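Enquirer: Take a look at this one; I'll ask things after.
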Amino acid sequence: MSENEGNAGDAGKRTRLILAALPLAIFLGLALIFWTQLNSGRDISEIPSALIGTKAPFRDLEPLAGATKDGTPVPALTAQTAAGKLTLVNFWASWCVPCRQEHPVILALSKDPRITVVGVNYKDGSENALRFLGELGNPFSAIGLDPVGKMAIDWGVYGIPESYLVGPDGTILYKRVGPFDDKSLKDGLYPAIEKALGTPAAGG
């Protein structure tokens, strides 16, 4: 075997070793990133949004026909629904198990006179959505249908339930990924409401 053939063989072996080790190196790198995030002490559900501080990208959505609140028909969610009001926009669906778990909290928030709670029904069926609200109660003063998720894309929704606090001027002030719990209310939503209004939020 010539010297050139030997060098080529050594180079081939090194290439194969590098290719074999590459997946392990990638795995270890990702594992280090995940470990760092998990041990950072941050609430990973409080995902930052590039839209915080920008105008909420409302769309004029179709209403959930037949939806009522206290026996009164619920209007569609439009760009004008939240105008001049501190508004909590909740993305939800009847097929979403965490949405069902969160629903009592959303009902309670809808009783806070300082905020308006509106819903975006995400990739759902009207009959199932109406059944969900009929069983658990309707906290929404307006509901819009987002059957293919266009508005969810505009808002940068990661997964439902997901909620956004929108100021009276239409600016997104706060984002919550996942269902609300006592901690996220106390440490996240209530302080955002308090800051927006300059007074303590009810229940905060």
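Identifiers for the structure tokens are assigned positionally: chains receive A, B, ... in sequence, residues are indexed from 1 per chain, and ligands are indexed from 1 in the order shown.
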With DSSP run on the backbone, what are the strand (DSSP E) residues within segment 86-152 of chain A? I'd like them as a VMD selection string.
Expert: chain A and resid 87 to 92 116 to 122 143 to 146
Enquirer: Contacts of Gly119 of chain A at 7 Å or less, counting only C-alpha atoms, minus same-chain residues fewer than 3 places along, as a list of chain:residue names?
Expert: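 Once the nearby chain positions are removed, what remains is A:Val89, A:Asn90, A:Phe91, A:Phe140, A:Ala142, A:Ile143, A:Gly144.
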Enquirer: Quick one: contact table of segment 33-122 of chain A to segment 147-166 of chain A, 9 Å max, nearest atom pair and distance in Å to one decimal per residue, counting only C-alpha atoms, chain and number order, as a tab-separated table?
Expert:
```
residue	atom	partner	partner_atom	distance
A:Ser49	CA	A:Gly156	CA	7.6
A:Ala50	CA	A:Gly156	CA	8.4
A:Leu51	CA	A:Trp155	CA	7.5
A:Lys55	CA	A:Val166	CA	8.5
A:Ala56	CA	A:Val166	CA	7.0
A:Pro57	CA	A:Asp154	CA	6.3
A:Phe58	CA	A:Met151	CA	7.3
A:Arg59	CA	A:Met151	CA	6.6
A:Leu61	CA	A:Met151	CA	8.7
A:Ala82	CA	A:Val166	CA	7.8
A:Lys85	CA	A:Val166	CA	8.1
A:Leu86	CA	A:Val166	CA	5.8
A:Thr87	CA	A:Val166	CA	5.1
A:Leu88	CA	A:Leu165	CA	4.6
A:Val89	CA	A:Tyr164	CA	5.1
A:Asn90	CA	A:Ser163	CA	4.4
A:Phe91	CA	A:Glu162	CA	5.3
A:Trp92	CA	A:Pro161	CA	5.1
A:Ala93	CA	A:Ile160	CA	7.7
A:Cys96	CA	A:Ile160	CA	7.2
A:Pro98	CA	A:Pro161	CA	6.7
A:Cys99	CA	A:Pro161	CA	5.4
A:Glu102	CA	A:Pro161	CA	8.0
A:Val120	CA	A:Ala152	CA	8.5
A:Asn121	CA	A:Pro147	CA	7.5
A:Tyr122	CA	A:Pro147	CA	5.9
```
Enquirer: Which residues come within 10 Å of Ala129 of chain A, counting only C-alpha atoms, excluding same-chain residues fewer than 2 positions away, as a VMD selection string?
Expert: chain A and resid 64 67 92 to 95 121 to 122 124 to 127 131 to 135 145
Enquirer: Keeping only N, CA and C atoms, write those residues as a JSON list (two decimals), in the first residue's frame.
Expert:
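Written out: again16.json:
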```json
[["chain", "number", "residue", "atom", "x", "y", "z"],
["A", 64, "LEU", "N", -69.39, 33.12, 17.80],
["A", 64, "LEU", "CA", -69.81, 31.76, 18.13],
["A", 64, "LEU", "C", -71.32, 31.79, 18.27],
["A", 67, "ALA", "N", -73.87, 31.38, 21.48],
["A", 67, "ALA", "CA", -73.20, 31.58, 22.77],
["A", 67, "ALA", "C", -73.90, 32.70, 23.54],
["A", 92, "TRP", "N", -58.59, 29.51, 23.66],
["A", 92, "TRP", "CA", -59.06, 28.27, 24.29],
["A", 92, "TRP", "C", -59.77, 27.39, 23.25],
["A", 93, "ALA", "N", -60.03, 26.14, 23.66],
["A", 93, "ALA", "CA", -60.79, 25.20, 22.83],
["A", 93, "ALA", "C", -61.43, 24.16, 23.72],
["A", 94, "SER", "N", -62.52, 23.58, 23.24],
["A", 94, "SER", "CA", -63.22, 22.57, 24.03],
["A", 94, "SER", "C", -62.40, 21.29, 24.16],
["A", 95, "TRP", "N", -61.52, 21.01, 23.17],
["A", 95, "TRP", "CA", -60.73, 19.78, 23.19],
["A", 95, "TRP", "C", -59.47, 19.91, 24.04],
["A", 121, "ASN", "N", -61.82, 31.23, 20.24],
["A", 121, "ASN", "CA", -62.02, 29.79, 20.16],
["A", 121, "ASN", "C", -61.16, 29.23, 19.04],
["A", 122, "TYR", "N", -60.15, 28.44, 19.42],
["A", 122, "TYR", "CA", -59.06, 28.06, 18.52],
["A", 122, "TYR", "C", -59.27, 26.66, 17.93],
["A", 124, "ASP", "N", -61.62, 24.82, 16.71],
["A", 124, "ASP", "CA", -62.64, 24.05, 17.43],
["A", 124, "ASP", "C", -63.88, 23.93, 16.55],
["A", 125, "GLY", "N", -64.83, 23.15, 17.02],
["A", 125, "GLY", "CA", -66.14, 23.07, 16.38],
["A", 125, "GLY", "C", -67.16, 23.82, 17.20],
["A", 126, "SER", "N", -68.07, 24.52, 16.54],
["A", 126, "SER", "CA", -69.03, 25.37, 17.25],
["A", 126, "SER", "C", -69.86, 24.57, 18.25],
["A", 127, "GLU", "N", -70.33, 23.40, 17.86],
["A", 127, "GLU", "CA", -71.16, 22.60, 18.76],
["A", 127, "GLU", "C", -70.40, 22.20, 20.01],
["A", 131, "ARG", "N", -71.12, 23.45, 23.84],
["A", 131, "ARG", "CA", -71.32, 22.46, 24.89],
["A", 131, "ARG", "C", -70.38, 22.73, 26.07],
["A", 132, "PHE", "N", -69.14, 23.07, 25.76],
["A", 132, "PHE", "CA", -68.14, 23.39, 26.78],
["A", 132, "PHE", "C", -68.62, 24.56, 27.65],
["A", 133, "LEU", "N", -69.06, 25.64, 27.00],
["A", 133, "LEU", "CA", -69.50, 26.83, 27.72],
["A", 133, "LEU", "C", -70.81, 26.58, 28.46],
["A", 134, "GLY", "N", -71.69, 25.77, 27.86],
["A", 134, "GLY", "CA", -72.94, 25.46, 28.53],
["A", 134, "GLY", "C", -72.73, 24.65, 29.79],
["A", 135, "GLU", "N", -71.72, 23.79, 29.77],
["A", 135, "GLU", "CA", -71.42, 22.95, 30.94],
["A", 135, "GLU", "C", -70.68, 23.71, 32.02],
["A", 145, "LEU", "N", -64.32, 33.19, 16.56],
["A", 145, "LEU", "CA", -63.91, 31.88, 16.06],
["A", 145, "LEU", "C", -62.64, 32.02, 15.23]]
```
Enquirer: Measuring atom to atom with only C-alpha atoms, identify which of A:Pro191, A:Gly170, A:Pro104, A:Pro113 is nearest to Pro139 of chain A.
Expert: A:Pro104
Enquirer: Counting only C-alpha atoms, figure out which residue out of A:His103, A:Thr15, A:Asp60, A:Ala196 gets nearest to Asp169 of chain A.
Expert: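 Looking at the shortest contact to Asp169 of chain A, the residue is A:Ala196.
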Enquirer: Between atom CA of Ile106 of chain A and atom CA of Phe180 of chain A, what is the distance, to one decimal in Å?
Expert: 8.3 Å
Enquirer: Rank A:Thr72, A:Glu62, A:Ile52, A:Ile18 by their smallest atom-to-atom distance to Leu173 of chain A, using only C-alpha atoms, and report the top residue only.
Expert: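 The closest residue to Leu173 of chain A is A:Ile52.
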Enquirer: Using only C-alpha atoms, pick whichever of A:Leu136, A:Pro168, A:Ser184, A:Leu189 has the shortest atom-to-atom distance to Leu107 of chain A.
Expert: A:Leu136
Enquirer: So how many Å separate atom CA of Arg100 of chain A and atom CA of Asn128 of chain A, to one decimal?
Expert: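 Interatomic distance, atom CA of Arg100 of chain A to atom CA of Asn128 of chain A: 12.6 Å.
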Enquirer: Given only C-alpha atoms as the basis, pick out the residue of A:Leu17, A:Leu77, A:Gly84, A:Thr54 nearest to Ile115 of chain A.
Expert: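 The shortest atom-to-atom distance to Ile115 of chain A comes from A:Gly84.
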Enquirer: What does the structure give for the distance between atom CA of Leu130 of chain A and atom CA of Gly71 of chain A, in Å to one decimal?
Expert: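 Straight-line distance from atom CA of Leu130 of chain A to atom CA of Gly71 of chain A works out to 13.3 Å.
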Enquirer: Calculated over only C-alpha atoms, which of the candidates A:Tyr190, A:Leu109, A:Leu24, A:Asn138 has the smallest distance to Pro73 of chain A?
Expert: A:Asn138
